[in-house]
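K.L.:
My structure is stored as upload-v9.txt, with compact mmCIF, C-alpha atoms.
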# COMPACT_ATOMS: atom_id res chain seq x y z
CA MET A 1 115.77 56.34 175.63
CA LYS A 2 113.00 57.77 173.46
CA PRO A 3 114.08 58.26 169.84
CA ILE A 4 114.52 61.81 168.55
CA VAL A 5 112.09 62.58 165.73
CA ILE A 6 112.83 65.22 163.10
CA GLY A 7 110.12 66.37 160.70
CA ILE A 8 111.27 67.94 157.44
CA ALA A 9 108.65 69.69 155.27
CA GLY A 10 108.70 71.97 152.22
CA GLY A 11 107.43 72.21 148.68
CA SER A 12 108.06 69.68 145.94
CA GLY A 13 111.63 70.12 144.72
CA ALA A 14 112.65 72.24 147.71
CA GLY A 15 115.56 69.99 148.68
CA LYS A 16 114.04 67.95 151.52
CA THR A 17 115.45 64.65 150.29
CA THR A 18 118.90 66.21 149.87
CA ILE A 19 118.82 67.36 153.48
CA ALA A 20 117.60 64.00 154.76
CA GLN A 21 120.35 62.23 152.81
CA HIS A 22 122.92 64.67 154.17
CA LEU A 23 121.81 63.87 157.73
CA VAL A 24 122.07 60.13 157.09
CA ASP A 25 125.51 60.51 155.49
CA THR A 26 126.79 62.73 158.31
CA ILE A 27 125.24 61.10 161.36
CA GLY A 28 125.17 57.54 160.05
CA GLY A 29 122.47 55.18 158.84
CA ASP A 30 123.10 52.87 161.79
CA VAL A 31 121.58 55.40 164.20
CA MET A 32 119.07 57.07 161.91
CA THR A 33 115.85 55.85 160.26
CA TRP A 34 114.49 57.85 157.32
CA LEU A 35 110.77 57.70 156.56
CA PRO A 36 109.80 59.20 153.18
CA TYR A 37 106.37 60.81 153.28
CA ASP A 38 105.59 59.54 149.76
CA ALA A 39 105.42 56.01 151.17
CA TYR A 40 102.10 56.95 152.76
CA TYR A 41 100.10 57.82 149.69
CA ALA A 42 96.68 56.22 150.08
CA ASP A 43 95.98 52.88 148.42
CA LEU A 44 94.08 53.63 145.19
CA SER A 45 93.73 50.06 143.95
CA ALA A 46 89.96 50.46 143.76
CA TYR A 47 90.37 53.10 141.04
CA ALA A 48 91.25 52.65 137.37
CA PHE A 49 94.59 54.02 136.18
CA ALA A 50 92.87 56.86 134.29
CA GLN A 51 91.20 57.93 137.53
CA ARG A 52 94.39 57.70 139.57
CA VAL A 53 96.22 59.94 137.12
CA GLN A 54 93.67 62.69 137.80
CA CYS A 55 94.16 62.65 141.58
CA ASN A 56 95.70 65.60 143.39
CA PHE A 57 98.73 63.99 145.02
CA ASP A 58 99.71 67.23 146.77
CA HIS A 59 96.45 67.48 148.72
CA PRO A 60 96.22 66.21 152.34
CA ASP A 61 93.45 63.83 151.29
CA ALA A 62 95.96 61.91 149.15
CA PHE A 63 97.70 60.49 152.22
CA ASP A 64 96.99 57.74 154.72
CA TRP A 65 97.36 59.75 157.92
CA ALA A 66 96.19 56.93 160.18
CA LEU A 67 98.89 54.55 158.92
CA MET A 68 101.47 57.32 159.03
CA ASN A 69 100.84 58.09 162.69
CA SER A 70 100.46 54.42 163.62
CA GLN A 71 103.78 53.39 162.08
CA LEU A 72 105.65 56.31 163.61
CA GLU A 73 104.18 55.42 167.00
CA SER A 74 105.33 51.82 166.51
CA LEU A 75 108.88 52.93 165.72
CA LEU A 76 108.94 55.12 168.82
CA ALA A 77 107.79 52.12 170.84
CA GLY A 78 110.72 50.07 169.51
CA ARG A 79 108.82 47.97 166.97
CA THR A 80 109.85 47.26 163.36
CA ILE A 81 107.36 48.44 160.73
CA ALA A 82 106.45 47.34 157.20
CA LEU A 83 106.87 50.59 155.26
CA PRO A 84 104.72 50.79 152.10
CA VAL A 85 106.41 51.34 148.73
CA TYR A 86 104.85 53.76 146.26
CA ASP A 87 104.91 53.11 142.50
CA TYR A 88 105.14 56.49 140.73
CA ALA A 89 104.57 55.01 137.28
CA ASP A 90 101.34 53.29 138.38
CA HIS A 91 100.22 56.15 140.63
CA ASN A 92 99.49 53.68 143.39
CA ARG A 93 100.91 51.83 146.37
CA SER A 94 102.87 48.79 145.21
CA PRO A 95 102.42 45.33 146.78
CA ASP A 96 105.97 45.55 148.18
CA VAL A 97 106.95 46.71 151.66
CA VAL A 98 110.28 47.50 153.29
CA GLU A 99 111.06 46.49 156.85
CA VAL A 100 112.23 49.51 158.86
CA ALA A 101 113.78 48.97 162.26
CA PRO A 102 113.71 51.43 165.18
CA ALA A 103 116.66 53.78 165.58
CA PRO A 104 117.78 56.52 168.00
CA ILE A 105 116.94 59.18 165.39
CA VAL A 106 113.93 59.13 163.07
CA VAL A 107 113.71 61.53 160.13
CA PHE A 108 110.24 62.02 158.67
CA GLU A 109 110.47 63.89 155.37
CA GLY A 110 107.75 65.08 152.98
CA ILE A 111 105.76 67.98 151.58
CA LEU A 112 103.09 67.98 154.30
CA ALA A 113 105.16 66.68 157.20
CA LEU A 114 104.19 69.72 159.32
CA TYR A 115 100.53 69.82 158.28
CA ASP A 116 98.95 67.31 160.66
CA ALA A 117 98.75 68.36 164.34
CA GLU A 118 98.92 64.77 165.64
CA LEU A 119 102.05 64.12 163.59
CA ARG A 120 103.68 67.40 164.64
CA GLU A 121 103.27 66.51 168.31
CA ARG A 122 105.58 63.52 167.77
CA PHE A 123 108.40 65.70 166.37
CA ASP A 124 111.20 66.93 168.60
CA LEU A 125 112.47 69.21 165.84
CA LYS A 126 110.38 70.67 163.00
CA VAL A 127 112.18 71.85 159.85
CA PHE A 128 110.83 73.67 156.81
CA VAL A 129 112.89 73.84 153.62
CA ASP A 130 112.12 77.18 151.95
CA THR A 131 113.15 77.35 148.29
CA ASP A 132 111.98 79.74 145.55
CA ALA A 133 109.11 78.49 143.38
CA ASP A 134 111.03 78.71 140.10
CA VAL A 135 113.89 76.62 141.49
CA ARG A 136 111.45 74.03 142.84
CA LEU A 137 109.67 73.80 139.49
CA ILE A 138 112.91 73.29 137.55
CA ARG A 139 114.04 70.58 139.98
CA ARG A 140 110.66 68.83 139.78
CA LEU A 141 110.72 68.96 135.99
CA GLN A 142 114.21 67.48 135.81
CA ARG A 143 113.45 64.79 138.40
CA ASP A 144 110.13 63.64 136.95
CA VAL A 145 111.48 63.40 133.40
CA ARG A 146 114.65 61.59 134.52
CA ASP A 147 113.34 59.32 137.28
CA ARG A 148 109.61 58.90 136.71
CA GLY A 149 109.22 58.72 132.95
CA ARG A 150 107.00 61.79 132.77
CA THR A 151 106.70 64.21 129.84
CA PRO A 152 107.39 67.95 130.34
CA ASP A 153 103.82 68.80 129.27
CA SER A 154 102.27 66.44 131.82
CA ILE A 155 104.51 67.83 134.55
CA MET A 156 103.62 71.43 133.76
CA ASN A 157 99.91 70.67 133.55
CA GLN A 158 100.02 68.93 136.92
CA TYR A 159 102.04 71.76 138.43
CA MET A 160 99.57 74.44 137.39
CA SER A 161 96.41 72.46 138.18
CA THR A 162 97.31 70.85 141.53
CA VAL A 163 100.91 71.29 142.72
CA ARG A 164 101.02 75.09 142.84
CA PRO A 165 97.53 75.58 144.35
CA SER A 166 98.14 72.91 146.99
CA HIS A 167 101.49 74.43 147.87
CA GLN A 168 99.89 77.81 148.44
CA GLN A 169 96.94 76.42 150.38
CA PHE A 170 98.52 73.70 152.53
CA ILE A 171 102.31 73.50 152.37
CA GLU A 172 103.43 77.13 152.60
CA PRO A 173 101.17 77.87 155.62
CA SER A 174 102.68 74.91 157.51
CA LYS A 175 105.95 76.85 157.65
CA ARG A 176 104.67 78.68 160.73
CA HIS A 177 105.02 75.46 162.72
CA ALA A 178 108.75 75.09 161.98
CA ASP A 179 111.47 75.42 164.60
CA VAL A 180 114.11 75.81 161.88
CA ILE A 181 113.68 77.26 158.37
CA ILE A 182 116.35 76.36 155.82
CA PRO A 183 116.49 78.65 152.77
CA GLU A 184 117.60 77.19 149.43
CA GLY A 185 117.37 73.55 150.45
CA GLY A 186 120.29 71.19 150.69
CA HIS A 187 122.80 73.64 149.23
CA ASN A 188 122.79 75.89 152.30
CA ASP A 189 125.82 74.56 154.16
CA ARG A 190 125.56 77.02 157.05
CA ALA A 191 121.94 76.14 157.72
CA LEU A 192 122.81 72.44 157.57
CA ASP A 193 125.55 73.02 160.15
CA VAL A 194 123.01 74.72 162.43
CA LEU A 195 120.61 71.79 161.98
CA LEU A 196 123.33 69.24 162.78
CA ALA A 197 124.29 71.24 165.89
CA ARG A 198 120.67 71.20 167.09
CA ILE A 199 120.51 67.44 166.57
CA ALA A 200 123.83 66.95 168.39
CA ARG A 201 122.49 68.88 171.40
CA ALA A 202 119.32 66.79 171.40
CA ILE A 203 121.35 63.57 171.37
CA ASP A 204 123.51 64.74 174.27
Take the structure in the file and write it out as structure tokens.

P.N.:
Amino acid sequence: MKPIVIGIAGGSGAGKTTIAQHLVDTIGGDVMTWLPYDAYYADLSAYAFAQRVQCNFDHPDAFDWALMNSQLESLLAGRTIALPVYDYADHNRSPDVVEVAPAPIVVFEGILALYDAELRERFDLKVFVDTDADVRLIRRLQRDVRDRGRTPDSIMNQYMSTVRPSHQQFIEPSKRHADVIIPEGGHNDRALDVLLARIARAID
């Protein structure tokens, strides 16, 4: 039986990871594989750290689309993949990989998950998490200070120079491809119930 693939997109801090985690917790990690979109940032080893810091990591050019599509195709064909690991402190792909085995349900989650037409064609269900910009900014600020060792000034500068423009140009327009739009991220219990019902029907 072909695995069911769910694509979850939305702006940075929208609540995509919360939703993906909720699906894993509810459905079970034994039947679900979760691919984080951030794993597919392009390898920037050829660039100095000072150059990597200046990159726009919210632009489509920041991602390795070929590897992304290739690994998803491998999973759908029943093959285990070596998922890259991204180092946020170094702004680069780390030398580590994580083995990810095939599963009946594959969740692909990230800001531009609905941007690429080839990737979208592999999704059985396309989800966009729609959260207000001020809420997303506050969540990003809290997360990057707490988990990524960033300063508030660096976060705000990045937000204004690259995150906000890229959201408006690339991420927000991808919403038109969604089958399901979830307002207010992972805190919308009714929307999550609808999403789980859709997945349950697909499994049956």

K.L.:
Excluding Asp43 (chain A) and residues on its chain fewer than 4 positions from it, collect all residues at most 9 Å away from it, counting all atoms listed in the file, and give them as a VMD selection string.

P.N.:
chain A and resid 63 to 64 92 to 94

K.L.:
Restrict the selected residues to C-alpha atoms and save them as an mmCIF file, in the coordinates of the input.

P.N.:
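Generated file (result-v3.cif):
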data_model
loop_
_atom_site.group_PDB
_atom_site.id
_atom_site.type_symbol
_atom_site.label_atom_id
_atom_site.label_comp_id
_atom_site.auth_asym_id
_atom_site.auth_seq_id
_atom_site.Cartn_x
_atom_site.Cartn_y
_atom_site.Cartn_z
ATOM 1 C CA PHE A 63 97.700 60.490 152.220
ATOM 2 C CA ASP A 64 96.990 57.740 154.720
ATOM 3 C CA ASN A 92 99.490 53.680 143.390
ATOM 4 C CA ARG A 93 100.910 51.830 146.370
ATOM 5 C CA SER A 94 102.870 48.790 145.210
#

K.L.:
Looking at A:Arg164, A:Arg79, A:His177, A:His59, which one is nearest to Ala42 (chain A), with distances taken over all atoms listed in the file?

P.N.:
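Going through A:Arg164, A:Arg79, A:His177, A:His59 one by one, the smallest distance to Ala42 (chain A) is for A:His59.
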
K.L.:
In Å, rounded to a single decimal, give me how far CA of Tyr88 (chain A) is from CA of Gly149 (chain A).

P.N.:
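CA of Tyr88 (chain A) lies at a distance of 9.1 Å from CA of Gly149 (chain A).
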
K.L.:
What's the separation between CA of Pro84 (chain A) and CA of Ala14 (chain A), in Å to one decimal place?

P.N.:
23.3 Å

K.L.:
With all atoms listed in the file counted and 12 Å as the cut-off, give the residues of region 77-195 of chain A in contact with region 15-20 of chain A, each with its shortest interatomic distance in Å and the pair that gives it, as a Markdown table.

P.N.:
| residue | atom | partner | partner_atom | distance |
| --- | --- | --- | --- | --- |
| A:Ile105 | CA | A:Ala20 | CA | 11.7 |
| A:Val106 | CA | A:Ala20 | CA | 10.3 |
| A:Val107 | CA | A:Ala20 | CA | 7.1 |
| A:Phe108 | CA | A:Ala20 | CA | 8.6 |
| A:Glu109 | CA | A:Lys16 | CA | 6.6 |
| A:Gly110 | CA | A:Lys16 | CA | 7.1 |
| A:Ile111 | CA | A:Lys16 | CA | 8.3 |
| A:Leu112 | CA | A:Lys16 | CA | 11.3 |
| A:Ala113 | CA | A:Lys16 | CA | 10.6 |
| A:Val127 | CA | A:Lys16 | CA | 9.4 |
| A:Phe128 | CA | A:Lys16 | CA | 8.4 |
| A:Val129 | CA | A:Lys16 | CA | 6.4 |
| A:Asp130 | CA | A:Gly15 | CA | 8.6 |
| A:Thr131 | CA | A:Gly15 | CA | 7.8 |
| A:Asp132 | CA | A:Gly15 | CA | 10.8 |
| A:Ala133 | CA | A:Gly15 | CA | 11.9 |
| A:Val135 | CA | A:Gly15 | CA | 9.9 |
| A:Arg136 | CA | A:Gly15 | CA | 8.2 |
| A:Leu137 | CA | A:Gly15 | CA | 11.6 |
| A:Ile138 | CA | A:Gly15 | CA | 11.9 |
| A:Arg139 | CA | A:Gly15 | CA | 8.9 |
| A:Arg140 | CA | A:Gly15 | CA | 10.2 |
| A:Arg143 | CA | A:Gly15 | CA | 11.7 |
| A:Ile181 | CA | A:Lys16 | CA | 11.6 |
| A:Ile182 | CA | A:Gly15 | CA | 9.6 |
| A:Pro183 | CA | A:Gly15 | CA | 9.6 |
| A:Glu184 | CA | A:Gly15 | CA | 7.5 |
| A:Gly185 | CA | A:Gly15 | CA | 4.4 |
| A:Gly186 | CA | A:Ile19 | CA | 5.0 |
| A:His187 | CA | A:Gly15 | CA | 8.1 |
| A:Asn188 | CA | A:Ile19 | CA | 9.5 |
| A:Asp189 | CA | A:Ile19 | CA | 10.1 |
| A:Ala191 | CA | A:Ile19 | CA | 10.2 |
| A:Leu192 | CA | A:Ile19 | CA | 7.6 |
| A:Asp193 | CA | A:Ile19 | CA | 11.0 |
| A:Leu195 | CA | A:Ile19 | CA | 9.8 |

K.L.:
Counting all atoms listed in the file, which of A:Met160, A:Gly13, A:Ala50, A:Ala103 gets nearest to Leu141 (chain A)?

P.N.:
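Closest to Leu141 (chain A), using all atoms listed in the file: A:Gly13.
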
K.L.:
Choose the residue, out of A:Val85, A:Gln54, A:Ile6, A:Gly29, that has the smallest atom-to-atom separation from Tyr41 (chain A); count all atoms listed in the file.

P.N.:
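Ranking A:Val85, A:Gln54, A:Ile6, A:Gly29 by distance to Tyr41 (chain A), first place goes to A:Val85.
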
K.L.:
Identify the residues within 12 Å of coordinate (104.9, 76.9, 168.3) (same frame as the file), considering all atoms listed in the file, and give the answer as a PyMOL selection string.

P.N.:
chain A and resi 114+117+120-121+123-126+174-180

K.L.:
I'd like to know which of A:Tyr115, A:Thr151, A:Tyr47, A:Gly10 is closest to Phe170 (chain A), using all atoms listed in the file.

P.N.:
A:Tyr115

K.L.:
What does the distance from CA of Asn56 (chain A) to CA of Val163 (chain A) come to in Å, to one decimal?

P.N.:
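Between these atoms lies a distance of 7.7 Å.
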
K.L.:
Neighbouring residues of Glu73 (chain A) were defined as those with any atom within 12 Å, considering all atoms listed in the file; residues of the same chain fewer than 2 positions away were excluded. Please report them as an mmCIF file with C-alpha atoms, in the coordinates of the input.

P.N.:
data_model
loop_
_atom_site.group_PDB
_atom_site.id
_atom_site.type_symbol
_atom_site.label_atom_id
_atom_site.label_comp_id
_atom_site.auth_asym_id
_atom_site.auth_seq_id
_atom_site.Cartn_x
_atom_site.Cartn_y
_atom_site.Cartn_z
ATOM 1 C CA LYS A 2 113.000 57.770 173.460
ATOM 2 C CA PRO A 3 114.080 58.260 169.840
ATOM 3 C CA VAL A 5 112.090 62.580 165.730
ATOM 4 C CA ALA A 66 96.190 56.930 160.180
ATOM 5 C CA LEU A 67 98.890 54.550 158.920
ATOM 6 C CA MET A 68 101.470 57.320 159.030
ATOM 7 C CA ASN A 69 100.840 58.090 162.690
ATOM 8 C CA SER A 70 100.460 54.420 163.620
ATOM 9 C CA GLN A 71 103.780 53.390 162.080
ATOM 10 C CA LEU A 75 108.880 52.930 165.720
ATOM 11 C CA LEU A 76 108.940 55.120 168.820
ATOM 12 C CA ALA A 77 107.790 52.120 170.840
ATOM 13 C CA GLY A 78 110.720 50.070 169.510
ATOM 14 C CA ARG A 79 108.820 47.970 166.970
ATOM 15 C CA THR A 80 109.850 47.260 163.360
ATOM 16 C CA ILE A 81 107.360 48.440 160.730
ATOM 17 C CA PRO A 102 113.710 51.430 165.180
ATOM 18 C CA VAL A 106 113.930 59.130 163.070
ATOM 19 C CA GLU A 118 98.920 64.770 165.640
ATOM 20 C CA LEU A 119 102.050 64.120 163.590
ATOM 21 C CA GLU A 121 103.270 66.510 168.310
ATOM 22 C CA ARG A 122 105.580 63.520 167.770
ATOM 23 C CA PHE A 123 108.400 65.700 166.370
#

K.L.:
Using all atoms listed in the file, which of the listed residues (A:Met156, A:Ala9, A:Tyr37, A:Met32) sits closest to Ile203 (chain A)?

P.N.:
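Among the listed residues, A:Met32 lies closest to Ile203 (chain A).
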
K.L.:
Nearest residue to Arg150 (chain A) out of A:Leu83, A:Ala48, A:Ala89, A:Val31, using only C-alpha atoms?

P.N.:
A:Ala89

K.L.:
Using the file's own x, y and z axes, what box holds all listed atoms of region 95-102 of chain A with 6 Å on each side, keeping edges along x, y and z, and what are its centre and edge lengths in Å to one decimal, as AutoDock Vina command-line options?

P.N.:
--center_x 108.1 --center_y 48.4 --center_z 156.0 --size_x 23.4 --size_y 18.1 --size_z 30.4
